[in-house]
>>> print(open('structure-v8.txt').read())   # compact mmCIF, C-alpha atoms and all ligand atoms
# COMPACT_ATOMS: atom_id res chain seq x y z
CA MET T 1 30.98 12.57 56.60
CA LYS T 2 28.21 13.57 58.99
CA PRO T 3 26.59 16.98 58.49
CA THR T 4 27.27 19.19 61.49
CA HIS T 5 23.90 20.81 61.18
CA ASP T 6 20.56 19.01 60.87
CA ALA T 7 18.48 21.06 58.46
CA SER T 8 15.35 19.03 59.20
CA THR T 9 15.08 20.63 62.61
CA ASP T 10 16.22 24.05 61.45
CA PRO T 11 13.34 26.52 61.91
CA ARG T 12 14.35 28.14 58.63
CA VAL T 13 13.07 25.08 56.74
CA GLU T 14 9.83 25.01 58.71
CA ILE T 15 6.58 25.09 56.89
CA THR T 16 5.07 28.44 56.03
CA PRO T 17 1.88 27.51 54.16
CA GLU T 18 0.52 31.04 53.77
CA PRO T 19 3.29 32.61 51.66
CA LEU T 20 3.66 29.30 49.87
CA PHE T 21 0.06 29.25 48.71
CA ARG T 22 0.28 32.90 47.71
CA ASP T 23 3.43 32.24 45.71
CA ARG T 24 2.37 29.08 43.97
CA ARG T 25 0.92 30.71 40.85
CA ARG T 26 3.83 33.11 40.53
CA LEU T 27 6.25 30.19 40.75
CA LEU T 28 4.33 28.18 38.19
CA ALA T 29 4.40 31.11 35.83
CA ALA T 30 8.10 31.66 36.46
CA ALA T 31 8.80 28.01 35.73
CA GLY T 32 6.88 28.36 32.48
CA LEU T 33 4.38 25.77 33.63
CA ILE T 34 1.29 27.90 33.09
CA THR T 35 0.67 30.83 30.81
CA LEU T 36 0.72 34.35 32.17
CA GLY T 37 -2.96 34.70 31.26
CA THR T 38 -3.79 31.73 33.42
CA ALA T 39 -1.67 33.11 36.23
CA LEU T 40 -3.54 36.40 36.15
CA SER T 41 -7.01 34.94 35.79
CA GLY T 42 -6.37 32.47 38.62
CA ARG T 43 -8.15 29.72 36.72
CA PRO T 44 -6.60 26.28 36.64
CA ALA T 45 -4.09 25.52 33.87
CA ARG T 46 -5.77 24.40 30.67
CA ALA T 47 -5.54 20.68 30.04
CA GLY T 48 -3.86 19.45 26.89
CA VAL T 49 -0.69 21.49 26.53
CA ALA T 50 0.76 20.54 23.15
CA PRO T 51 3.37 17.76 23.39
CA GLY T 52 6.81 19.28 23.45
CA ALA T 53 5.51 22.68 24.45
CA LEU T 54 7.36 22.37 27.74
CA ALA T 55 10.61 20.99 26.28
CA LEU T 56 13.77 22.21 27.98
CA GLY T 57 15.85 23.40 25.04
CA PRO T 58 18.43 22.24 22.51
CA ASP T 59 20.99 21.16 25.14
CA ASP T 60 18.47 18.95 26.87
CA PRO T 61 16.78 16.79 24.23
CA VAL T 62 14.23 14.29 25.49
CA THR T 63 15.95 10.97 26.21
CA PRO T 64 14.63 8.18 23.97
CA PHE T 65 11.90 6.07 25.62
CA GLU T 66 13.92 2.96 24.76
CA GLN T 67 16.66 4.18 27.15
CA THR T 68 14.53 5.27 30.10
CA SER T 69 12.36 2.15 29.95
CA SER T 70 15.20 -0.39 29.86
CA TYR T 71 17.73 0.85 32.47
CA ASN T 72 15.93 1.11 35.78
CA ASN T 73 16.46 1.27 39.52
CA PHE T 74 13.59 -0.62 41.14
CA TYR T 75 15.04 -2.58 44.05
CA GLU T 76 11.69 -4.24 44.77
CA TYR T 77 12.58 -6.36 41.73
CA SER T 78 16.35 -6.34 41.41
CA THR T 79 19.52 -4.32 41.81
CA ASP T 80 20.31 -5.30 38.20
CA LYS T 81 19.08 -2.30 36.20
CA LYS T 82 18.76 -4.25 32.96
CA ALA T 83 16.78 -7.08 34.56
CA VAL T 84 14.07 -4.84 36.01
CA ARG T 85 12.03 -4.40 32.83
CA VAL T 86 11.37 -8.12 32.41
CA LEU T 87 10.94 -8.87 36.12
CA ALA T 88 8.40 -6.02 36.48
CA GLU T 89 6.06 -7.66 33.98
CA ASN T 90 4.26 -9.16 37.00
CA LEU T 91 3.36 -5.77 38.49
CA ARG T 92 -0.42 -5.37 38.30
CA PRO T 93 -1.01 -1.59 38.02
CA ALA T 94 -4.82 -1.79 38.16
CA PRO T 95 -6.72 -1.66 40.36
CA TRP T 96 -4.26 0.22 42.57
CA ARG T 97 -5.23 1.77 45.88
CA LEU T 98 -3.52 5.02 46.93
CA GLU T 99 -4.14 6.11 50.49
CA VAL T 100 -3.71 9.71 51.70
CA THR T 101 -3.64 9.72 55.49
CA GLY T 102 -1.94 10.89 58.70
CA GLU T 103 -2.11 14.53 59.82
CA VAL T 104 -5.05 15.43 57.58
CA ALA T 105 -8.62 16.51 58.24
CA THR T 106 -9.96 14.39 55.36
CA PRO T 107 -8.18 11.06 54.81
CA ARG T 108 -8.74 9.73 51.30
CA VAL T 109 -8.40 6.51 49.37
CA TYR T 110 -8.16 6.70 45.59
CA ASP T 111 -8.18 4.16 42.84
CA VAL T 112 -5.20 5.53 40.89
CA ALA T 113 -7.13 5.09 37.62
CA GLU T 114 -9.46 7.90 38.76
CA LEU T 115 -6.77 10.40 39.85
CA GLY T 116 -6.50 12.07 36.43
CA ALA T 117 -10.25 12.63 36.15
CA THR T 118 -10.41 13.90 39.74
CA PHE T 119 -7.52 16.38 39.62
CA GLY T 120 -6.57 16.82 35.96
CA THR T 121 -3.10 16.05 34.65
CA ASP T 122 -0.22 18.30 33.56
CA GLU T 123 2.63 17.61 31.18
CA ARG T 124 6.14 18.33 32.44
CA VAL T 125 9.49 17.74 30.79
CA TYR T 126 12.07 17.39 33.58
CA ARG T 127 15.73 16.58 33.95
CA PHE T 128 16.20 13.47 36.08
CA ARG T 129 19.54 12.87 37.87
CA CYS T 130 20.38 9.62 39.64
CA VAL T 131 22.85 9.87 42.52
CA GLU T 132 24.94 7.27 40.68
CA GLY T 133 25.85 9.79 37.95
CA TRP T 134 23.49 8.98 35.07
CA SER T 135 20.66 11.22 33.99
CA ALA T 136 17.80 11.64 31.52
CA VAL T 137 15.22 14.12 30.25
CA ILE T 138 11.73 12.70 30.61
CA PRO T 139 8.30 14.00 29.53
CA TRP T 140 5.94 13.13 32.38
CA GLU T 141 2.20 13.37 32.79
CA GLY T 142 0.88 13.67 36.29
CA ILE T 143 -0.91 15.49 39.03
CA PRO T 144 0.85 18.21 41.04
CA LEU T 145 1.17 16.67 44.50
CA ALA T 146 -0.11 19.91 46.07
CA LYS T 147 -3.57 19.25 44.60
CA ILE T 148 -3.76 15.81 46.19
CA LEU T 149 -2.51 17.11 49.55
CA ASP T 150 -4.86 20.11 49.50
CA ALA T 151 -7.83 17.77 48.98
CA ALA T 152 -6.89 15.93 52.18
CA GLU T 153 -6.55 19.19 54.17
CA PRO T 154 -3.27 18.87 56.10
CA THR T 155 -3.58 19.78 59.79
CA ALA T 156 -1.43 22.43 61.47
CA ARG T 157 0.76 19.62 62.82
CA ALA T 158 1.73 18.35 59.35
CA ARG T 159 5.39 19.22 58.61
CA PHE T 160 6.55 16.29 56.48
CA VAL T 161 5.16 13.90 53.88
CA ARG T 162 6.00 10.20 53.98
CA PHE T 163 5.62 8.03 50.86
CA THR T 164 5.45 4.24 51.00
CA GLY T 165 5.97 1.72 48.20
CA PRO T 166 4.39 -1.73 47.87
CA TYR T 167 5.23 -4.75 50.01
CA ASP T 168 4.70 -8.25 48.66
CA PRO T 169 7.79 -10.49 48.60
CA SER T 170 5.81 -13.14 46.66
CA ARG T 171 5.76 -10.77 43.68
CA PHE T 172 8.58 -8.29 44.33
CA TYR T 173 11.47 -10.72 44.30
CA GLY T 174 13.97 -8.14 45.58
CA GLN T 175 12.02 -7.88 48.85
CA ARG T 176 13.17 -11.39 49.76
CA ASP T 177 16.50 -9.74 50.63
CA ARG T 178 15.95 -9.20 54.36
CA ARG T 179 19.01 -6.95 54.65
CA GLN T 180 17.05 -4.24 52.89
CA PRO T 181 14.55 -2.26 55.00
CA TRP T 182 11.32 -2.94 53.08
CA PRO T 183 9.00 -1.35 52.12
CA TYR T 184 10.69 1.50 50.22
CA VAL T 185 9.96 4.77 52.04
CA GLU T 186 10.71 8.32 51.00
CA GLY T 187 9.96 11.72 52.48
CA LEU T 188 9.78 15.44 51.81
CA THR T 189 9.16 18.50 53.92
CA LEU T 190 5.59 19.74 53.45
CA GLU T 191 7.00 22.81 51.73
CA GLU T 192 8.87 20.66 49.19
CA ALA T 193 5.83 18.45 48.69
CA MET T 194 3.65 21.51 48.03
CA HIS T 195 6.09 23.00 45.53
CA PRO T 196 4.57 23.34 42.05
CA LEU T 197 7.37 21.30 40.43
CA THR T 198 6.57 18.25 42.61
CA LEU T 199 4.54 15.77 40.61
CA MET T 200 2.75 12.46 41.12
CA ALA T 201 3.41 10.99 37.67
CA THR T 202 0.93 8.59 36.11
CA GLY T 203 2.41 8.62 32.61
CA MET T 204 5.47 9.37 30.49
CA TYR T 205 6.00 9.92 26.76
CA GLY T 206 2.23 10.18 26.30
CA ARG T 207 1.45 6.71 27.65
CA PRO T 208 0.75 5.18 31.05
CA LEU T 209 3.86 4.61 33.18
CA PRO T 210 5.55 1.35 32.21
CA ASN T 211 5.70 -1.10 35.12
CA GLN T 212 9.48 -0.80 35.40
CA CYS T 213 9.21 2.99 35.74
CA GLY T 214 6.90 2.81 38.75
CA ALA T 215 3.38 2.11 37.53
CA PRO T 216 0.77 3.19 38.18
CA VAL T 217 1.90 6.28 40.11
CA ARG T 218 5.29 7.59 41.24
CA LEU T 219 6.68 10.71 42.82
CA VAL T 220 8.87 13.02 40.69
CA VAL T 221 10.98 15.68 42.46
CA PRO T 222 13.26 16.99 39.70
CA TRP T 223 15.72 18.99 41.84
CA LYS T 224 16.60 16.01 44.05
CA TYR T 225 18.52 12.83 43.30
CA GLY T 226 16.45 10.10 41.67
CA TYR T 227 16.12 7.97 44.79
CA LYS T 228 13.68 10.52 46.24
CA SER T 229 11.30 9.85 43.32
CA ILE T 230 9.66 6.75 44.80
CA LYS T 231 7.89 4.38 42.43
CA SER T 232 4.57 2.55 42.69
CA VAL T 233 3.37 4.56 45.71
CA VAL T 234 0.64 2.99 47.87
CA LYS T 235 0.50 5.48 50.73
CA ILE T 236 1.05 9.21 51.27
CA SER T 237 1.07 10.13 54.94
CA LEU T 238 1.31 13.62 56.45
CA GLU T 239 3.57 13.55 59.50
CA SER T 240 4.67 15.84 62.32
CA THR T 241 8.17 14.33 62.44
CA ARG T 242 10.74 13.56 59.77
CA PRO T 243 10.34 10.12 58.19
CA GLU T 244 13.27 7.73 58.09
CA THR T 245 13.75 6.70 54.48
CA PHE T 246 14.81 3.43 52.84
CA TRP T 247 18.18 4.81 51.79
CA MET T 248 18.89 6.51 55.12
CA ARG T 249 18.33 3.17 56.82
CA LEU T 250 20.43 1.26 54.29
CA SER T 251 23.42 3.63 54.20
CA PRO T 252 23.00 6.77 56.31
CA SER T 253 26.48 8.14 55.65
CA GLU T 254 25.88 8.10 51.89
CA TYR T 255 22.20 8.90 51.36
CA GLY T 256 20.53 11.65 53.31
CA PHE T 257 16.99 12.94 53.65
CA HIS T 258 17.44 16.07 51.53
CA ALA T 259 19.41 14.81 48.51
CA ASN T 260 19.29 18.07 46.58
CA VAL T 261 21.31 17.70 43.38
CA ASN T 262 24.58 19.49 44.14
CA PRO T 263 27.67 19.26 41.89
CA ASP T 264 29.85 20.67 44.71
CA LEU T 265 28.91 18.08 47.32
CA ALA T 266 30.62 14.78 46.52
CA HIS T 267 29.16 11.41 47.41
CA PRO T 268 31.61 9.77 49.86
CA ARG T 269 32.70 7.42 47.04
CA TRP T 270 32.51 9.62 43.91
CA SER T 271 32.24 13.18 42.61
CA GLN T 272 28.83 14.59 41.70
CA ALA T 273 30.29 17.29 39.42
CA ARG T 274 29.35 15.57 36.16
CA GLU T 275 26.81 13.15 34.76
CA VAL T 276 26.11 11.04 31.65
CA ARG T 277 22.76 11.21 29.89
CA LEU T 278 21.41 7.77 29.04
CA GLY T 279 22.33 7.11 25.41
CA GLU T 280 25.14 9.71 25.32
CA MET T 281 28.87 9.13 25.63
CA ARG T 282 30.26 12.45 26.76
CA LYS T 283 29.89 13.62 30.35
CA ARG T 284 28.19 16.95 30.99
CA PRO T 285 28.33 19.19 34.06
CA THR T 286 25.71 18.62 36.74
CA LEU T 287 23.72 21.75 37.55
CA PRO T 288 22.92 23.02 41.07
CA PHE T 289 19.44 21.79 42.01
CA ASN T 290 19.57 19.90 38.68
CA GLY T 291 18.89 23.18 36.84
CA TYR T 292 15.91 24.21 39.00
CA ALA T 293 17.69 26.69 41.30
CA ALA T 294 15.50 29.60 40.16
CA GLU T 295 12.41 27.68 41.24
CA VAL T 296 13.61 26.03 44.48
CA ALA T 297 16.75 27.70 45.91
CA HIS T 298 14.56 29.97 48.07
CA LEU T 299 13.40 26.90 50.02
CA TYR T 300 16.95 26.50 51.37
CA ARG T 301 18.11 30.10 51.71
CA GLY T 302 20.59 30.54 54.54
CA ILE T 303 21.15 26.80 55.00
CA ASP T 304 24.61 25.34 54.48
CA PRO T 305 24.25 23.23 51.28
CA ALA T 306 26.53 20.63 52.91
CA ALA T 307 23.76 20.12 55.47
CA LEU T 308 21.39 19.17 52.66
CA ARG T 309 23.00 15.85 51.77
N1 LIG T 401 9.85 1.98 44.89
C1 LIG T 401 11.07 2.35 44.41
N2 LIG T 401 11.22 3.59 43.93
C2 LIG T 401 12.42 3.98 43.45
C3 LIG T 401 13.54 3.12 43.47
C4 LIG T 401 13.34 1.81 43.99
O1 LIG T 401 14.27 0.98 44.05
N3 LIG T 401 12.09 1.46 44.45
N4 LIG T 401 14.76 3.56 43.01
C5 LIG T 401 14.98 5.01 42.94
C6 LIG T 401 16.17 5.39 42.20
S1 LIG T 401 17.66 5.17 42.97
C7 LIG T 401 16.10 6.01 40.98
S2 LIG T 401 17.48 6.61 40.21
C8 LIG T 401 14.81 6.11 40.26
C9 LIG T 401 14.94 5.44 38.91
O2 LIG T 401 13.81 5.68 38.13
P1 LIG T 401 13.77 5.11 36.64
O3 LIG T 401 14.17 3.67 36.71
O4 LIG T 401 12.35 5.28 36.20
O5 LIG T 401 14.74 5.92 35.85
O6 LIG T 401 13.73 5.52 40.97
C10 LIG T 401 13.76 5.73 42.36
N5 LIG T 401 12.53 5.24 42.94
MO MO T 402 19.17 6.50 41.82
>>> encode(input="structure-v8.txt", output="structure tokens", more="lines below")
Ligand SMILES: Nc1nc2c(c(=O)[nH]1)N[C@H]1C(S)=C(S)[C@@H](COP(=O)(O)O)O[C@H]1N2
Ligand SMILES: [Mo]
Amino acid sequence: MKPTHDASTDPRVEITPEPLFRDRRRLLAAAGLITLGTALSGRPARAGVAPGALALGPDDPVTPFEQTSSYNNFYEYSTDKKAVRVLAENLRPAPWRLEVTGEVATPRVYDVAELGATFGTDERVYRFRCVEGWSAVIPWEGIPLAKILDAAEPTARARFVRFTGPYDPSRFYGQRDRRQPWPYVEGLTLEEAMHPLTLMATGMYGRPLPNQCGAPVRLVVPWKYGYKSIKSVVKISLESTRPETFWMRLSPSEYGFHANVNPDLAHPRWSQAREVRLGEMRKRPTLPFNGYAAEVAHLYRGIDPAALR
């Protein structure tokens, strides 16, 4: 089913940096990501939040590391989720170059190993919902993407952010499949990219990201289906037009640009109303925006949710 309305060109989802910057601290405080004292003082969040301090609650226990590190979507290696962990042993996460480029005043190139020292890292425990119907709760460490984008100074023409994964068919065996549109590409509106929940993760469960989970740095956008959270990012590019993503090119009728988690909007081949946590048996209801409606619903106010496939 084709959406009748293209939200990417809807002026209501256009970028409004001023109110966004003003609101960022309030949103962080609302999401419980910084203390009220920090919000009022305007100083950066203190490093070293106690592990577990940001846990979600009794209904959302952290998924065991053994589960989230052994059942992975990483098509650069394989479409077989249980094969990825072993195949990804050949990923060399250091040194790893991350380029920030495009519609920016100050293009940057980072060695990912220095990102934490440059920007500081936060700890975030997020729900993670794959479009296929499985989910997890994962404690991430990472850098809010907004900090990395701010450092590059987006120009007035920047409206979208395009993320690119690695390309090397000699190492990423899955890239030998020429029917897939390599490299993996994902995209966000600038407003989504600047949202305080949006993270560039460099670690999980208190350790560096395992190769199979997207070492050394991956995007995490907790209110969108998992395919938006691109692994092993090599390039972040600010763009004036909407990027075409890997999944839109592979199967445009099934995987859209927006991909907000929505229990009421079925995938063409299955319902999205429920999900199974890795390691659990019983299905549980899927929450609108994956449980982050209070933080992100305002980004889409007035837009038909069916247009946000
Ligand atoms: N580079 C890259 N990133 C990717 C993917 C991929 O195949 N390649 N798969 C996506 C999908 S569909 C999901 S559900 C998540 C899975 O992340 P996990 O294996 O760490 O749970 O990664 C996303 N990011
Ligand atoms: Mo997914």
>>> closest_residue(input="structure-v8.txt", among="T:Pro154, T:Pro58, T:Pro181, T:Pro107", to="ligand LIG 401 (chain T)", atoms="only C-alpha atoms and all ligand atoms")
T:Pro181
>>> closest_residue(input="structure-v8.txt", among="T:Ile143, T:Val185, T:Ala201, T:Cys130", to="T:Val276", atoms="only C-alpha atoms")
T:Cys130
>>> residues_near_point(input="structure-v8.txt", point="(6.5, 14.8, 63.4)", cutoff="9 Å", atoms="all atoms listed in the file", output="PyMOL selection string")
chain T and resi 157-160+238-243
>>> residues_near_ligand(input="structure-v8.txt", ligand="ligand LIG 401 (chain T)", cutoff="6 Å", atoms="only C-alpha atoms and all ligand atoms", output="number ranges by chain")
T: 68, 72-76, 130, 165, 184, 213, 226-227, 229-232
>>> closest_residue(input="structure-v8.txt", among="T:Val86, T:Leu115, T:Leu199, T:Ala193", to="T:Pro139", atoms="all atoms listed in the file")
T:Leu199
>>> residues_around(input="structure-v8.txt", residues="stretch 221-223 of chain T", least_positions_apart="4", cutoff="9 Å", atoms="all atoms listed in the file", output="list in words")
Tyr126, Arg127, Phe128, Arg129, Glu192, Ala193, Leu197, Thr198, Leu199, Met200, Lys228, Ser229, Ala259, Asn260, Val261, Pro288, Phe289, Asn290, Gly291, Tyr292, Ala293 and Val296 of chain T
>>> closest_residue(input="structure-v8.txt", among="T:Glu89, T:Glu191, T:Glu66, T:Glu275", to="T:His298", atoms="only C-alpha atoms")
T:Glu191
>>> closest_residue(input="structure-v8.txt", among="T:Trp134, T:Trp182, T:Tyr167, T:Phe246", to="ligand MO 402 (chain T)", atoms="all atoms listed in the file")
T:Trp134
>>> residues_near_point(input="structure-v8.txt", point="(17.2, 17.9, 29.7)", cutoff="9 Å", atoms="only C-alpha atoms", output="VMD selection string")
chain T and resid 55 to 63 125 to 128 135 to 138 277
>>> atom_distance(input="structure-v8.txt", atom1="atom CA of T:Lys224", atom2="atom CA of T:Met281")
23.2 Å
>>> axis_aligned_box(input="structure-v8.txt", around="stretch 294-298 of chain T", padding_each_side="5 Å", output="AutoDock Vina command-line options")
--center_x 14.6 --center_y 28.0 --center_z 44.1 --size_x 14.3 --size_y 13.9 --size_z 17.9
>>> closest_residue(input="structure-v8.txt", among="T:Tyr225, T:Ala117, T:Asp150, T:Gln212", to="ligand MO 402 (chain T)", atoms="all atoms listed in the file")
T:Tyr225
>>> atom_distance(input="structure-v8.txt", atom1="atom CA of T:Arg171", atom2="atom CA of T:Ser69")
20.0 Å
